[in-house]
Amino acid sequence: MVQWLRITTSRLANSKVTLASTKSLYPACQVHRFSRTLSCKRSQHTHVQGAETRSKAFHARRHLLSSAAFAASAIVIWYLRQTTPDLLADVNTTQRPSGQQEPKQVTQIRGLKSAVQARTRDWRSLFATMNSSHADLINSLRQTERLTDKTAQTMLQVDRKYFLDPDNLEVLHHAYQDHPVPIGYGETISAPHMHAEALRLLEDHCPPGASVLDVGSGSGYLTGCFGIMVGDDGQVLGVEKHKELAHRSIQSLQQAVPDLMKKGTIKIMPGNVLGKVLGEYGPFDAIHVGAAAASMPQNLIQKLKPGGRMVIPVGEQNAMQVLKLVDKDEQGKVQQRDLMGVAYVPLTEPGMDPFVGKDEE
């Protein structure tokens, strides 16, 4: 039994695939609300995404093995509670005397119990995100302390359901779940917690009347949120390299924030910001980039007003990407700060995207 505990504890503690990571496995793997089992689905993406889908399915299978170890460990804890309650009491309450080594069996059970408790928190976090409405989604984000009051009020006014692919009925029931969802053309609408993070980082630079640039605006969801923040007197420019997706996002915004669209607060423009599409637009108080640049784009830094801020992921595709915070002070001095590791679609150079014709950039 002790040997089995040692092996199980080691595997569980060293498992690299956590329950929280399954949020990013869609569409290769989806979590069923009632059965609470994982099932791999055949990808409906194009052959360009085939390799990525197979990789996600592989990680899903690894996660199933890890979850089995979790379940077995939980059973062992239950068994020990029934048969050796005094030992578990020692694990919870006994202080190790100074200079003395803890009994090996107690150390092993302590490690096992800690790993089980950590994995249980992952389960609770995962199923807490099974939301049935937009309000439920925002409330679940509040519980994770990812939202400020201003960001929460902004996101509540922009319903995520309008920004999914209306032709893909299979994804519509994922509108209120905290994970990315494919929207076509090799792009996704980001997970709501990443939208919340971007809004939180930029909210002080998006007061009423401010100007905002949303690069890789995609579905248009975050563009709509910026429009709510800056109000009628502000200006939000969303730039999306896929013309069809840009046109679809305009329709989505007309449903979600019709008043802002009628007043011209929000404008969506097809094109590539690494080309010449920005022209005379700008400078901007805030810039959000929704795709990972291979290196820091200097033309975007130039479009940032003194006192402005940019949030941008930087890094090659399928490599380490870092979300960076770029601040320009009143004298024009630029400072950069790394925030966290992320995974975004690439911010491609003009002519490098297979979904975009050269005449469109």
# chains A, B, ... in the order shown; residues from 1 in each chain; ligands from 1
>>> select_by_dssp(residues="segment 250-323 of chain A", states="helix (DSSP H, G or I)", output="count of residues only")
17
>>> residues_around(residues="Ile287 of chain A", least_positions_apart="6", cutoff="7 Å", atoms="only C-alpha atoms", output="list in words")
Val212, Leu213, Asp214, Arg309, Met310 and Val311 of chain A
>>> atom_distance(atom1="atom CA of Met296 of chain A", atom2="atom CA of Gly234 of chain A")
26.6 Å
>>> atom_distance(atom1="atom CA of Asp167 of chain A", atom2="atom CA of Lys241 of chain A")
20.2 Å
>>> residues_around(residues="Gly341 of chain A", least_positions_apart="4", cutoff="7 Å", atoms="only C-alpha atoms", output="MDAnalysis selection string")
chainID A and resid 321:323
>>> closest_residue(among="A:His205, A:Gln335, A:Val181, A:Gln251", to="His288 of chain A", atoms="only C-alpha atoms")
A:His205
>>> atom_distance(atom1="atom CA of Arg337 of chain A", atom2="atom CA of Arg142 of chain A")
25.4 Å
>>> residues_around(residues="segment 226-232 of chain A", least_positions_apart="5", cutoff="10 Å", atoms="only C-alpha atoms", output="VMD selection string")
chain A and resid 150 to 151 153 to 155 157 to 158 199 202 to 214 221 237 to 238 257 259 to 261 263 to 267 286 288
>>> write_last_selection(atoms="N, CA, C and O atoms", output="compact mmCIF listing (two decimals), in the first residue's frame")
# COMPACT_ATOMS: atom_id res chain seq x y z
N LYS A 150 -15.78 48.12 -12.76
CA LYS A 150 -15.95 48.79 -14.04
C LYS A 150 -15.95 47.79 -15.19
O LYS A 150 -16.79 47.86 -16.10
N THR A 151 -15.03 46.84 -15.14
CA THR A 151 -14.96 45.82 -16.19
C THR A 151 -16.20 44.94 -16.17
O THR A 151 -16.75 44.60 -17.23
N GLN A 153 -19.27 45.71 -15.12
CA GLN A 153 -20.41 46.45 -15.65
C GLN A 153 -20.32 46.59 -17.17
O GLN A 153 -21.33 46.57 -17.88
N THR A 154 -19.10 46.74 -17.68
CA THR A 154 -18.92 46.85 -19.13
C THR A 154 -19.28 45.55 -19.83
O THR A 154 -20.04 45.54 -20.81
N MET A 155 -18.74 44.44 -19.34
CA MET A 155 -18.98 43.15 -19.98
C MET A 155 -20.44 42.73 -19.89
O MET A 155 -20.96 42.04 -20.78
N GLN A 157 -22.91 44.53 -20.36
CA GLN A 157 -23.68 45.23 -21.39
C GLN A 157 -23.41 44.71 -22.80
O GLN A 157 -24.05 45.16 -23.75
N VAL A 158 -22.46 43.76 -22.93
CA VAL A 158 -22.13 43.22 -24.26
C VAL A 158 -22.26 41.70 -24.19
O VAL A 158 -21.38 41.01 -23.68
N LEU A 199 -9.44 44.26 -20.48
CA LEU A 199 -10.22 45.43 -20.09
C LEU A 199 -9.73 46.01 -18.77
O LEU A 199 -9.66 47.24 -18.60
N LEU A 202 -6.59 48.07 -19.29
CA LEU A 202 -6.74 49.28 -20.10
C LEU A 202 -7.83 50.22 -19.62
O LEU A 202 -7.98 51.32 -20.17
N GLU A 203 -8.60 49.83 -18.60
CA GLU A 203 -9.78 50.62 -18.24
C GLU A 203 -9.44 52.05 -17.81
O GLU A 203 -10.21 52.99 -18.08
N ASP A 204 -8.29 52.26 -17.15
CA ASP A 204 -7.93 53.61 -16.73
C ASP A 204 -7.52 54.49 -17.91
O ASP A 204 -7.45 55.72 -17.78
N HIS A 205 -7.25 53.87 -19.05
CA HIS A 205 -6.87 54.61 -20.26
C HIS A 205 -8.03 54.72 -21.25
O HIS A 205 -7.83 55.17 -22.37
N CYS A 206 -9.20 54.27 -20.81
CA CYS A 206 -10.40 54.31 -21.67
C CYS A 206 -11.53 55.08 -20.99
O CYS A 206 -12.66 54.57 -20.89
N PRO A 207 -11.28 56.29 -20.53
CA PRO A 207 -12.37 57.08 -19.95
C PRO A 207 -13.30 57.58 -21.05
O PRO A 207 -12.98 57.47 -22.24
N PRO A 208 -14.44 58.14 -20.70
CA PRO A 208 -15.32 58.72 -21.72
C PRO A 208 -14.57 59.73 -22.58
O PRO A 208 -13.85 60.59 -22.08
N GLY A 209 -14.73 59.59 -23.90
CA GLY A 209 -14.07 60.49 -24.83
C GLY A 209 -12.73 60.02 -25.33
O GLY A 209 -12.12 60.66 -26.20
N ALA A 210 -12.23 58.87 -24.84
CA ALA A 210 -10.92 58.37 -25.25
C ALA A 210 -10.99 57.72 -26.63
O ALA A 210 -12.06 57.40 -27.14
N SER A 211 -9.80 57.54 -27.23
CA SER A 211 -9.70 56.84 -28.52
C SER A 211 -8.97 55.52 -28.31
O SER A 211 -7.95 55.47 -27.63
N VAL A 212 -9.50 54.45 -28.90
CA VAL A 212 -8.98 53.11 -28.68
C VAL A 212 -8.81 52.41 -30.02
O VAL A 212 -9.66 52.52 -30.91
N LEU A 213 -7.70 51.67 -30.14
CA LEU A 213 -7.46 50.83 -31.32
C LEU A 213 -7.50 49.37 -30.88
O LEU A 213 -6.78 48.98 -29.96
N ASP A 214 -8.34 48.58 -31.53
CA ASP A 214 -8.44 47.15 -31.25
C ASP A 214 -7.90 46.39 -32.47
O ASP A 214 -8.56 46.30 -33.50
N TYR A 221 -16.16 41.41 -30.08
CA TYR A 221 -16.66 41.49 -28.69
C TYR A 221 -15.92 42.55 -27.89
O TYR A 221 -16.54 43.42 -27.26
N LEU A 237 -11.65 52.08 -32.96
CA LEU A 237 -11.37 51.54 -34.29
C LEU A 237 -10.93 50.09 -34.15
O LEU A 237 -9.93 49.79 -33.51
N GLY A 238 -11.71 49.20 -34.75
CA GLY A 238 -11.33 47.79 -34.80
C GLY A 238 -10.80 47.44 -36.18
O GLY A 238 -11.42 47.79 -37.18
N VAL A 257 -24.62 46.24 -29.47
CA VAL A 257 -24.52 47.65 -29.04
C VAL A 257 -25.02 48.56 -30.18
O VAL A 257 -24.26 49.35 -30.75
N ASP A 259 -26.81 51.30 -30.39
CA ASP A 259 -26.73 52.75 -30.27
C ASP A 259 -25.32 53.24 -30.60
O ASP A 259 -25.15 54.28 -31.26
N LEU A 260 -24.30 52.53 -30.12
CA LEU A 260 -22.93 52.94 -30.39
C LEU A 260 -22.59 52.84 -31.87
O LEU A 260 -21.82 53.65 -32.40
N MET A 261 -23.17 51.85 -32.54
CA MET A 261 -22.93 51.70 -33.98
C MET A 261 -23.62 52.81 -34.76
O MET A 261 -23.07 53.38 -35.71
N LYS A 263 -24.31 55.82 -33.73
CA LYS A 263 -23.67 57.11 -33.46
C LYS A 263 -22.25 57.17 -34.02
O LYS A 263 -21.62 58.23 -33.96
N GLY A 264 -21.75 56.08 -34.52
CA GLY A 264 -20.42 56.08 -35.11
C GLY A 264 -19.29 55.99 -34.11
O GLY A 264 -18.13 56.25 -34.46
N THR A 265 -19.60 55.63 -32.87
CA THR A 265 -18.55 55.49 -31.86
C THR A 265 -17.59 54.36 -32.24
O THR A 265 -16.38 54.47 -32.02
N ILE A 266 -18.14 53.29 -32.81
CA ILE A 266 -17.33 52.12 -33.18
C ILE A 266 -17.24 52.02 -34.70
O ILE A 266 -18.24 52.14 -35.41
N LYS A 267 -16.03 51.80 -35.17
CA LYS A 267 -15.80 51.58 -36.60
C LYS A 267 -14.95 50.33 -36.77
O LYS A 267 -13.94 50.15 -36.10
N ALA A 286 -5.39 54.10 -25.96
CA ALA A 286 -5.22 52.70 -25.59
C ALA A 286 -5.20 51.84 -26.85
O ALA A 286 -5.96 52.11 -27.79
N HIS A 288 -5.24 47.70 -27.92
CA HIS A 288 -5.30 46.28 -27.58
C HIS A 288 -4.98 45.47 -28.82
O HIS A 288 -5.53 45.72 -29.89
>>> closest_residue(among="A:Lys324, A:His247, A:Lys161, A:Arg200", to="Leu339 of chain A", atoms="only C-alpha atoms")
A:Lys324
>>> residues_around(residues="Ser252 of chain A", least_positions_apart="3", cutoff="8 Å", atoms="only C-alpha atoms", output="list in words")
Tyr162, Phe163, Ser219, Gly220, Arg248, Ser249, Gln255 and Ala256 of chain A
>>> write_last_selection(atoms="C-alpha atoms", output="PDB file, in the first residue's frame")
ATOM      1  CA  TYR A 162     -23.966  37.654 -30.504  1.00  0.00           C
ATOM      2  CA  PHE A 163     -20.297  37.175 -31.388  1.00  0.00           C
ATOM      3  CA  SER A 219     -15.542  38.706 -33.481  1.00  0.00           C
ATOM      4  CA  GLY A 220     -15.851  42.322 -32.316  1.00  0.00           C
ATOM      5  CA  ARG A 248     -19.743  39.665 -39.701  1.00  0.00           C
ATOM      6  CA  SER A 249     -18.471  41.478 -36.600  1.00  0.00           C
ATOM      7  CA  GLN A 255     -27.161  43.525 -32.423  1.00  0.00           C
ATOM      8  CA  ALA A 256     -25.161  43.871 -29.206  1.00  0.00           C
TER       9      ALA A 256
END
>>> closest_residue(among="A:Ala175, A:Val342, A:Val334, A:Ala198", to="Met130 of chain A", atoms="only C-alpha atoms")
A:Ala175
>>> residues_around(residues="Lys328 of chain A", least_positions_apart="6", cutoff="6 Å", atoms="only C-alpha atoms", output="list in words")
Pro306, Gly307, Gly308 and Val334 of chain A
>>> write_last_selection(atoms="C-alpha atoms", output="PDB file, in the first residue's frame")
ATOM      1  CA  PRO A 306       1.924  60.120 -24.682  1.00  0.00           C
ATOM      2  CA  GLY A 307       0.404  58.766 -21.473  1.00  0.00           C
ATOM      3  CA  GLY A 308      -1.154  55.873 -23.409  1.00  0.00           C
ATOM      4  CA  VAL A 334       8.353  53.783 -23.560  1.00  0.00           C
TER       5      VAL A 334
END
>>> residues_around(residues="Ala292 of chain A", least_positions_apart="6", cutoff="8 Å", atoms="only C-alpha atoms", output="number ranges by chain")
A: 312-317, 321, 343-347
